[in-house]
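The next block is run_28.pdb, given as PDB, C-alpha atoms.
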ATOM      1  CA  MET A 239      28.359  -7.585 -27.066
ATOM      2  CA  THR A 240      28.614  -8.493 -30.746
ATOM      3  CA  ASP A 241      27.184 -11.479 -32.555
ATOM      4  CA  HIS A 242      30.684 -12.956 -32.772
ATOM      5  CA  ALA A 243      31.343 -12.772 -29.047
ATOM      6  CA  ARG A 244      29.048 -15.650 -28.134
ATOM      7  CA  GLN A 245      27.882 -18.750 -29.917
ATOM      8  CA  PRO A 246      24.151 -19.549 -30.218
ATOM      9  CA  GLU A 247      24.666 -22.615 -28.019
ATOM     10  CA  ASP A 248      25.783 -20.342 -25.183
ATOM     11  CA  TYR A 249      22.208 -19.066 -24.869
ATOM     12  CA  LEU A 250      20.636 -22.518 -24.594
ATOM     13  CA  PRO A 251      18.435 -23.764 -23.120
ATOM     14  CA  LEU A 252      15.985 -20.932 -23.678
ATOM     15  CA  THR A 253      13.258 -20.294 -21.154
ATOM     16  CA  PRO A 254       9.728 -20.965 -22.495
ATOM     17  CA  ALA A 255       8.964 -17.225 -22.524
ATOM     18  CA  VAL A 256      12.098 -16.390 -24.515
ATOM     19  CA  PHE A 257      11.455 -19.259 -26.930
ATOM     20  CA  HIS A 258       7.858 -18.200 -27.581
ATOM     21  CA  VAL A 259       8.789 -14.549 -28.096
ATOM     22  CA  LEU A 260      11.573 -15.446 -30.540
ATOM     23  CA  LEU A 261       9.255 -17.851 -32.347
ATOM     24  CA  SER A 262       6.624 -15.161 -32.741
ATOM     25  CA  LEU A 263       9.232 -12.839 -34.265
ATOM     26  CA  ALA A 264      10.326 -15.471 -36.770
ATOM     27  CA  ASP A 265       7.639 -14.253 -39.204
ATOM     28  CA  GLY A 266       8.689 -10.632 -38.980
ATOM     29  CA  ASP A 267       8.692  -7.566 -36.782
ATOM     30  CA  ARG A 268       5.938  -7.261 -34.209
ATOM     31  CA  HIS A 269       4.904  -4.987 -31.364
ATOM     32  CA  GLY A 270       4.259  -6.198 -27.809
ATOM     33  CA  TYR A 271       0.524  -6.801 -28.183
ATOM     34  CA  SER A 272       1.046  -8.631 -31.448
ATOM     35  CA  ILE A 273       3.731 -10.832 -29.855
ATOM     36  CA  MET A 274       1.361 -11.657 -27.001
ATOM     37  CA  GLN A 275      -1.464 -12.539 -29.403
ATOM     38  CA  SER A 276       0.853 -14.633 -31.539
ATOM     39  CA  VAL A 277       2.072 -16.613 -28.514
ATOM     40  CA  THR A 278      -1.498 -17.195 -27.322
ATOM     41  CA  GLU A 279      -2.575 -18.406 -30.777
ATOM     42  CA  ALA A 280       0.492 -20.579 -31.311
ATOM     43  CA  THR A 281      -0.045 -22.350 -28.000
ATOM     44  CA  ASP A 282      -3.847 -22.613 -28.301
ATOM     45  CA  GLY A 283      -4.231 -20.357 -25.301
ATOM     46  CA  GLN A 284      -1.957 -22.502 -23.115
ATOM     47  CA  VAL A 285       0.542 -19.667 -22.713
ATOM     48  CA  ARG A 286      -0.914 -16.237 -21.963
ATOM     49  CA  MET A 287       1.805 -13.743 -21.266
ATOM     50  CA  GLY A 288       1.173 -10.868 -18.913
ATOM     51  CA  PRO A 289       2.730  -7.452 -19.511
ATOM     52  CA  GLY A 290       5.355  -8.121 -16.826
ATOM     53  CA  THR A 291       6.547 -11.386 -18.330
ATOM     54  CA  LEU A 292       6.453 -10.077 -21.888
ATOM     55  CA  TYR A 293       8.383  -6.866 -21.318
ATOM     56  CA  GLY A 294      10.779  -8.541 -18.867
ATOM     57  CA  THR A 295      11.558 -11.064 -21.599
ATOM     58  CA  ILE A 296      11.857  -8.353 -24.248
ATOM     59  CA  LYS A 297      14.224  -6.403 -22.014
ATOM     60  CA  ARG A 298      16.509  -9.410 -21.572
ATOM     61  CA  LEU A 299      16.382 -10.234 -25.277
ATOM     62  CA  LEU A 300      17.374  -6.650 -26.115
ATOM     63  CA  ASP A 301      20.205  -6.796 -23.571
ATOM     64  CA  SER A 302      21.420 -10.062 -25.121
ATOM     65  CA  ALA A 303      21.162  -8.567 -28.640
ATOM     66  CA  LEU A 304      18.840 -11.372 -29.750
ATOM     67  CA  ILE A 305      16.253  -8.800 -30.807
ATOM     68  CA  VAL A 306      16.374  -5.103 -31.700
ATOM     69  CA  GLU A 307      13.876  -2.318 -31.780
ATOM     70  CA  SER A 308      12.759  -1.858 -35.326
ATOM     71  CA  ASP A 309      12.254   1.501 -37.036
ATOM     72  CA  GLU A 310      10.096   0.016 -39.759
ATOM     73  CA  ARG A 311       6.383   0.230 -39.171
ATOM     74  CA  PRO A 312       4.393  -2.260 -41.230
ATOM     75  CA  ASP A 313       1.284  -0.147 -41.678
ATOM     76  CA  PRO A 314       1.715   3.397 -40.350
ATOM     77  CA  GLU A 315      -1.871   4.462 -41.087
ATOM     78  CA  LEU A 316      -3.433   1.680 -39.081
ATOM     79  CA  ASP A 317      -0.850   1.722 -36.373
ATOM     80  CA  ASP A 318      -0.470   3.475 -33.043
ATOM     81  CA  GLU A 319       2.684   5.570 -33.086
ATOM     82  CA  ARG A 320       3.401   4.792 -29.451
ATOM     83  CA  ARG A 321       3.891   1.114 -30.186
ATOM     84  CA  ARG A 322       7.413  -0.183 -30.423
ATOM     85  CA  TYR A 323       8.249  -2.887 -32.913
ATOM     86  CA  TYR A 324      10.827  -5.571 -32.329
ATOM     87  CA  GLY A 325      12.685  -7.742 -34.788
ATOM     88  CA  MET A 326      15.131 -10.615 -34.495
ATOM     89  CA  THR A 327      18.841 -10.124 -35.075
ATOM     90  CA  SER A 328      20.890 -12.669 -36.992
ATOM     91  CA  LEU A 329      22.137 -13.954 -33.644
ATOM     92  CA  GLY A 330      18.540 -14.292 -32.458
ATOM     93  CA  LYS A 331      17.670 -16.322 -35.563
ATOM     94  CA  ARG A 332      20.650 -18.614 -35.020
ATOM     95  CA  VAL A 333      19.771 -19.071 -31.349
ATOM     96  CA  LEU A 334      16.156 -19.925 -32.224
ATOM     97  CA  ARG A 335      17.338 -22.405 -34.886
ATOM     98  CA  ALA A 336      19.721 -23.995 -32.389
ATOM     99  CA  GLU A 337      16.917 -24.321 -29.822
ATOM    100  CA  VAL A 338      14.502 -25.846 -32.353
ATOM    101  CA  GLU A 339      17.145 -28.363 -33.449
ATOM    102  CA  ARG A 340      18.044 -29.232 -29.892
TER
ATOM    103  CA  MET B  33     -20.870   1.606 -23.067
ATOM    104  CA  LYS B  34     -20.215   3.851 -20.089
ATOM    105  CA  THR B  35     -20.007   0.807 -17.812
ATOM    106  CA  ASN B  36     -17.584  -0.715 -20.268
ATOM    107  CA  SER B  37     -15.246   2.237 -20.196
ATOM    108  CA  ARG B  38     -15.648   2.689 -16.435
ATOM    109  CA  TRP B  39     -14.464  -0.834 -15.591
ATOM    110  CA  ILE B  40     -11.578  -0.567 -18.003
ATOM    111  CA  THR B  41     -10.647   2.867 -16.669
ATOM    112  CA  VAL B  42     -10.690   1.614 -13.064
ATOM    113  CA  SER B  43      -8.576  -1.384 -14.078
ATOM    114  CA  LEU B  44      -6.075   0.844 -15.853
ATOM    115  CA  LYS B  45      -5.794   3.198 -12.892
ATOM    116  CA  LEU B  46      -5.259   0.266 -10.547
ATOM    117  CA  TYR B  47      -2.673  -1.272 -12.855
ATOM    118  CA  HIS B  48      -0.900   2.067 -13.118
ATOM    119  CA  CYS B  49      -0.617   2.150  -9.308
ATOM    120  CA  LEU B  50       0.587  -1.458  -9.186
ATOM    121  CA  LEU B  51       3.393  -0.629 -11.615
ATOM    122  CA  TRP B  52       5.111   0.969  -8.613
ATOM    123  CA  ALA B  53       5.979  -2.568  -7.557
ATOM    124  CA  TYR B  54       8.599  -2.573 -10.323
ATOM    125  CA  PRO B  55      12.000  -0.900 -10.018
ATOM    126  CA  ARG B  56      12.031   2.683 -11.193
ATOM    127  CA  ILE B  57      14.395   2.025 -14.109
ATOM    128  CA  HIS B  58      12.145  -0.758 -15.429
ATOM    129  CA  ARG B  59       9.052   1.387 -14.942
ATOM    130  CA  ASP B  60      10.587   4.306 -16.802
ATOM    131  CA  ALA B  61      11.609   2.121 -19.726
ATOM    132  CA  TYR B  62       8.586  -0.163 -20.027
ATOM    133  CA  GLY B  63       5.816   1.253 -17.808
ATOM    134  CA  SER B  64       3.923   2.991 -20.611
ATOM    135  CA  LEU B  65       4.285  -0.035 -22.908
ATOM    136  CA  MET B  66       3.056  -2.375 -20.189
ATOM    137  CA  THR B  67       0.087  -0.107 -19.521
ATOM    138  CA  GLN B  68      -0.685   0.007 -23.234
ATOM    139  CA  LEU B  69      -0.533  -3.781 -23.476
ATOM    140  CA  PHE B  70      -2.744  -4.115 -20.406
ATOM    141  CA  ARG B  71      -5.243  -1.695 -21.946
ATOM    142  CA  ASP B  72      -5.422  -3.870 -25.063
ATOM    143  CA  GLN B  73      -5.841  -6.965 -22.918
ATOM    144  CA  CYS B  74      -8.638  -5.272 -20.947
ATOM    145  CA  ARG B  75     -10.511  -4.404 -24.132
ATOM    146  CA  ASP B  76     -10.162  -7.953 -25.461
ATOM    147  CA  ALA B  77     -11.244  -9.473 -22.143
ATOM    148  CA  PHE B  78     -14.243  -7.153 -21.847
ATOM    149  CA  ARG B  79     -15.286  -7.754 -25.446
ATOM    150  CA  GLU B  80     -15.193 -11.518 -24.932
ATOM    151  CA  GLU B  81     -16.719 -11.987 -21.500
ATOM    152  CA  ARG B  82     -17.557  -8.532 -20.144
ATOM    153  CA  SER B  83     -16.736  -8.080 -16.439
ATOM    154  CA  VAL B  84     -16.069 -11.824 -15.993
ATOM    155  CA  GLY B  85     -13.354 -11.508 -18.621
ATOM    156  CA  LEU B  86     -11.805  -8.600 -16.759
ATOM    157  CA  ALA B  87     -11.890 -10.576 -13.500
ATOM    158  CA  LYS B  88     -10.159 -13.505 -15.210
ATOM    159  CA  LEU B  89      -7.560 -11.137 -16.637
ATOM    160  CA  TRP B  90      -6.809  -9.775 -13.155
ATOM    161  CA  LEU B  91      -6.519 -13.303 -11.769
ATOM    162  CA  ARG B  92      -3.882 -14.058 -14.417
ATOM    163  CA  LEU B  93      -2.205 -10.702 -14.065
ATOM    164  CA  LEU B  94      -1.637 -10.504 -10.298
ATOM    165  CA  PRO B  95       0.625 -13.575  -9.960
ATOM    166  CA  ASP B  96       2.491 -12.386 -13.082
ATOM    167  CA  LEU B  97       2.934  -8.951 -11.526
ATOM    168  CA  VAL B  98       4.196 -10.288  -8.179
ATOM    169  CA  LYS B  99       6.602 -12.723  -9.839
ATOM    170  CA  THR B 100       8.009 -10.368 -12.467
ATOM    171  CA  SER B 101       8.341  -7.380 -10.119
ATOM    172  CA  LEU B 102      10.399  -9.511  -7.728
ATOM    173  CA  ILE B 103      12.522 -10.755 -10.643
ATOM    174  CA  GLU B 104      13.123  -7.203 -11.835
ATOM    175  CA  HIS B 105      14.145  -6.116  -8.325
ATOM    176  CA  VAL B 106      16.628  -8.986  -8.106
ATOM    177  CA  VAL B 107      17.968  -8.084 -11.569
ATOM    178  CA  GLU B 108      18.280  -4.465 -10.483
ATOM    179  CA  ILE B 109      20.104  -5.402  -7.296
ATOM    180  CA  LYS B 110      22.528  -7.545  -9.323
ATOM    181  CA  ARG B 111      22.978  -4.752 -11.863
ATOM    182  CA  LYS B 112      23.877  -2.248  -9.180
ATOM    183  CA  ASP B 113      26.137  -4.868  -7.608
ATOM    184  CA  MET B 114      24.654  -4.123  -4.213
ATOM    185  CA  LYS B 115      26.592  -5.816  -1.493
ATOM    186  CA  ILE B 116      24.706  -7.391   1.372
ATOM    187  CA  LYS B 117      25.914  -5.982   4.664
ATOM    188  CA  PRO B 118      27.386  -8.994   6.485
ATOM    189  CA  GLY B 119      26.001  -7.809   9.832
ATOM    190  CA  SER B 120      22.513  -7.315   8.451
ATOM    191  CA  ALA B 121      22.514 -10.690   6.711
ATOM    192  CA  ALA B 122      23.808 -12.430   9.840
ATOM    193  CA  PHE B 123      21.062 -10.858  11.937
ATOM    194  CA  LEU B 124      18.432 -11.940   9.444
ATOM    195  CA  ILE B 125      19.713 -15.524   9.164
ATOM    196  CA  THR B 126      20.090 -15.842  12.956
ATOM    197  CA  GLY B 127      16.555 -14.580  13.445
ATOM    198  CA  ILE B 128      15.033 -16.952  10.910
ATOM    199  CA  VAL B 129      16.978 -19.993  12.154
ATOM    200  CA  ALA B 130      16.173 -19.221  15.797
ATOM    201  CA  GLY B 131      12.508 -18.753  14.886
ATOM    202  CA  ILE B 132      12.396 -22.141  13.137
ATOM    203  CA  ILE B 133      14.152 -23.873  16.052
ATOM    204  CA  SER B 134      11.779 -22.282  18.561
ATOM    205  CA  LEU B 135       8.857 -23.841  16.693
ATOM    206  CA  SER B 136      10.460 -27.276  16.610
ATOM    207  CA  LEU B 137      11.068 -27.087  20.389
ATOM    208  CA  SER B 138       7.557 -26.007  21.230
ATOM    209  CA  SER B 139       7.158 -28.671  23.929
ATOM    210  CA  VAL B 140      10.143 -27.295  25.869
ATOM    211  CA  SER B 141       8.700 -23.956  26.853
ATOM    212  CA  ALA B 142      11.780 -22.366  28.474
ATOM    213  CA  VAL B 143      14.085 -23.217  25.544
ATOM    214  CA  CYS B 144      11.443 -22.060  23.116
ATOM    215  CA  PHE B 145      11.198 -18.764  24.939
ATOM    216  CA  VAL B 146      14.979 -18.232  24.780
ATOM    217  CA  PHE B 147      15.036 -18.870  21.030
ATOM    218  CA  MET B 148      12.071 -16.608  20.546
ATOM    219  CA  ALA B 149      13.862 -13.839  22.427
ATOM    220  CA  ILE B 150      16.994 -14.379  20.294
ATOM    221  CA  SER B 151      14.864 -14.232  17.117
ATOM    222  CA  ALA B 152      13.221 -11.014  18.162
ATOM    223  CA  LEU B 153      16.558  -9.422  19.060
ATOM    224  CA  ALA B 154      18.080 -10.609  15.776
ATOM    225  CA  ILE B 155      15.258  -9.098  13.739
ATOM    226  CA  LEU B 156      15.548  -5.893  15.776
ATOM    227  CA  GLY B 157      19.287  -5.909  15.078
ATOM    228  CA  ARG B 158      18.670  -6.310  11.390
ATOM    229  CA  ALA B 159      16.331  -3.330  11.356
ATOM    230  CA  LEU B 160      18.957  -1.245  13.173
ATOM    231  CA  ALA B 161      21.647  -2.399  10.732
ATOM    232  CA  GLU B 162      19.400  -1.235   7.873
ATOM    233  CA  VAL B 163      19.416   2.275   9.337
ATOM    234  CA  PHE B 164      23.063   2.575   8.331
ATOM    235  CA  ARG B 165      22.547   1.244   4.790
ATOM    236  CA  PRO B 166      22.938   3.942   2.088
ATOM    237  CA  SER B 167      19.561   5.346   1.087
ATOM    238  CA  ASN B 168      20.084   4.460  -2.592
ATOM    239  CA  GLN B 169      19.858   0.809  -1.509
ATOM    240  CA  TRP B 170      16.345   1.285  -0.159
ATOM    241  CA  ALA B 171      14.946  -1.260  -2.639
ATOM    242  CA  LYS B 172      17.185  -3.923  -1.160
ATOM    243  CA  SER B 173      16.057  -2.947   2.349
ATOM    244  CA  LEU B 174      12.476  -3.301   1.203
ATOM    245  CA  LEU B 175      13.160  -6.726  -0.288
ATOM    246  CA  GLY B 176      14.739  -7.836   3.010
ATOM    247  CA  ALA B 177      11.754  -6.437   4.904
ATOM    248  CA  VAL B 178       9.346  -8.414   2.712
ATOM    249  CA  ILE B 179      11.313 -11.618   3.415
ATOM    250  CA  VAL B 180      11.151 -10.908   7.167
ATOM    251  CA  LEU B 181       7.428 -10.231   7.013
ATOM    252  CA  VAL B 182       6.672 -13.348   4.984
ATOM    253  CA  VAL B 183       8.771 -15.661   7.157
ATOM    254  CA  PHE B 184       7.696 -14.225  10.503
ATOM    255  CA  GLY B 185       4.116 -13.737   9.387
ATOM    256  CA  PHE B 186       3.890 -17.514   9.796
ATOM    257  CA  PHE B 187       5.823 -17.663  13.036
ATOM    258  CA  ILE B 188       4.165 -14.934  15.065
ATOM    259  CA  PRO B 189       0.720 -16.612  15.182
ATOM    260  CA  ALA B 190       2.452 -19.892  16.026
ATOM    261  CA  TRP B 191       4.379 -18.230  18.846
ATOM    262  CA  ALA B 192       1.154 -16.733  20.163
ATOM    263  CA  HIS B 193      -0.442 -20.187  20.087
ATOM    264  CA  ILE B 194       2.466 -21.945  21.821
ATOM    265  CA  GLN B 195       2.546 -19.481  24.739
ATOM    266  CA  PRO B 196       5.950 -20.563  26.130
ATOM    267  CA  VAL B 197       5.528 -18.322  29.156
ATOM    268  CA  LYS B 198       2.435 -17.654  31.206
ATOM    269  CA  GLY B 199       0.989 -14.512  32.661
ATOM    270  CA  PRO B 200       1.028 -10.924  31.425
ATOM    271  CA  LEU B 201       4.338 -11.468  29.611
ATOM    272  CA  ALA B 202       2.677 -14.080  27.400
ATOM    273  CA  MET B 203       0.174 -11.478  26.213
ATOM    274  CA  ALA B 204       2.854  -8.860  25.659
ATOM    275  CA  ILE B 205       5.203 -11.035  23.585
ATOM    276  CA  PRO B 206       3.253 -11.397  20.281
ATOM    277  CA  PRO B 207       2.671  -7.637  19.832
ATOM    278  CA  LEU B 208       6.251  -6.949  20.939
ATOM    279  CA  VAL B 209       7.706  -9.413  18.426
ATOM    280  CA  GLY B 210       5.283  -8.163  15.798
ATOM    281  CA  GLY B 211       6.404  -4.590  16.407
ATOM    282  CA  ILE B 212      10.053  -5.569  16.109
ATOM    283  CA  VAL B 213       9.368  -7.416  12.857
ATOM    284  CA  PHE B 214       7.449  -4.448  11.452
ATOM    285  CA  LEU B 215      10.418  -2.202  12.176
ATOM    286  CA  ASN B 216      12.026  -3.668   9.058
ATOM    287  CA  PRO B 217       9.494  -2.370   6.504
ATOM    288  CA  ILE B 218       9.216   0.918   8.412
ATOM    289  CA  VAL B 219      12.993   1.404   8.131
ATOM    290  CA  ALA B 220      12.905   0.370   4.455
ATOM    291  CA  VAL B 221      10.133   2.862   3.679
ATOM    292  CA  LEU B 222      11.964   5.627   5.570
ATOM    293  CA  LYS B 223      15.118   4.895   3.575
ATOM    294  CA  GLY B 224      13.055   5.072   0.399
ATOM    295  CA  VAL B 225      11.643   8.470   1.379
ATOM    296  CA  GLN B 226      15.142   9.627   2.334
ATOM    297  CA  PHE B 227      16.380   8.542  -1.114
ATOM    298  CA  LEU B 228      13.582  10.428  -2.887
ATOM    299  CA  VAL B 229      14.246  13.575  -0.839
ATOM    300  CA  GLU B 230      18.016  13.418  -1.309
ATOM    301  CA  LYS B 231      17.875  12.608  -5.027
ATOM    302  CA  PRO B 232      17.011  16.072  -6.396
ATOM    303  CA  LYS B 233      19.985  17.508  -4.510
ATOM    304  CA  ALA B 234      22.392  15.104  -6.213
TER
END
Please re-express this file's structure in structure tokens.
Amino acid sequence: MTDHARQPEDYLPLTPAVFHVLLSLADGDRHGYSIMQSVTEATDGQVRMGPGTLYGTIKRLLDSALIVESDERPDPELDDERRRYYGMTSLGKRVLRAEVER
Amino acid sequence: MKTNSRWITVSLKLYHCLLWAYPRIHRDAYGSLMTQLFRDQCRDAFREERSVGLAKLWLRLLPDLVKTSLIEHVVEIKRKDMKIKPGSAAFLITGIVAGIISLSLSSVSAVCFVFMAISALAILGRALAEVFRPSNQWAKSLLGAVIVLVVFGFFIPAWAHIQPVKGPLAMAIPPLVGGIVFLNPIVAVLKGVQFLVEKPKA
């Protein structure tokens, strides 16, 4: 499905998990653990995502083309090669903007 | 430090086993990432509050695991476009409805007994219908079996308490109904094994 096939409004309302994950990726690409930490910090510990919720959400965001797996690795020397990084697509950014404005 | 690593290692091994609750396709794609994330969470939890932190992590994790594994199974069933066998579904619904009615009519012992018998036969019928389900739909069988167990897990003790009939039959009914209900997960597990055995041949 391409970005042109669906409008950002078609994805609304976002579930809290999807919203938090997209919000955490607004600053740039992150791996799963970093997304989880970012969500916990942003919500003052109110939302603590488990691995099941996080990767279930990531899977659905990938399927919807709101995020993509990123090849860029911010700091290869400090980083674990097994980690996968995720970044927002232009559609994902528009969907997040639409949700924030809603 | 050894205690530290031991608790984390035990937690990781346990979590690795629990990942089997997820559908195979989800496990293959995200299992290692989920384990890696859990490992990081374990280290954080242990650093902050030692074993209490790990216990708190598990308390948060288990409901998440149950919920998300069920969601992933439903997603997988939808993805495979598995069709519910009408006969199997009818048996299940009849059994559940008859079970509920039998509880509401607990004061009328004979009627209650009839409904209970219908429920037991319906659940038995559902298990038999599952025998003919293709083995690649074993996950759906298992999901149905879990529903049966959850629903009738509440009813069987109630039936035993009501005792709609007296005498030796009254003592025989709860284990009989229990056995019939447990046929469902047994069939589901057998279908799962059948699927795993058949798969390499495909």
Check: which chain A residues lie within 10 Å of chain B using all atoms listed in the file, as a PyMOL selection string: chain A and resi 269-272+274-275+286-297+320-322
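For the choices A:Leu299, A:Val277, A:Gln284, A:Leu304, the atom-to-atom distance to Val333 (chain A) is smallest for A:Leu304 when using all atoms listed in the file.
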Residues returned when the PyMOL selection byres ((chain A and resi 243-253) around 12) runs on this file, as a VMD selection string: chain A and resid 239 to 242 254 to 261 291 295 298 to 299 302 to 304 327 to 340
Interatomic distance between CA of Val129 (chain B) and CA of Met203 (chain B)? 23.5 Å
Selection in question (the file shown): the PyMOL selection byres ((chain B and resi 206-221) around 6). Which residues does it include, as a VMD selection string? chain B and resid 152 156 159 170 173 to 174 177 192 204 to 205 222 to 224
Selection result of the PyMOL selection byres ((chain B and resi 169) around 12) on this file, as an NGL selection string: :B and (55 or 105 or 108-110 or 112-117 or 162-168 or 170-176 or 219-228)
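We find CA of Tyr47 (chain B) and CA of Ala87 (chain B) to be spaced 13.1 Å apart.
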To one decimal place in Å, what is the distance between CA of Gly157 (chain B) and CA of Val143 (chain B)? 20.9 Å
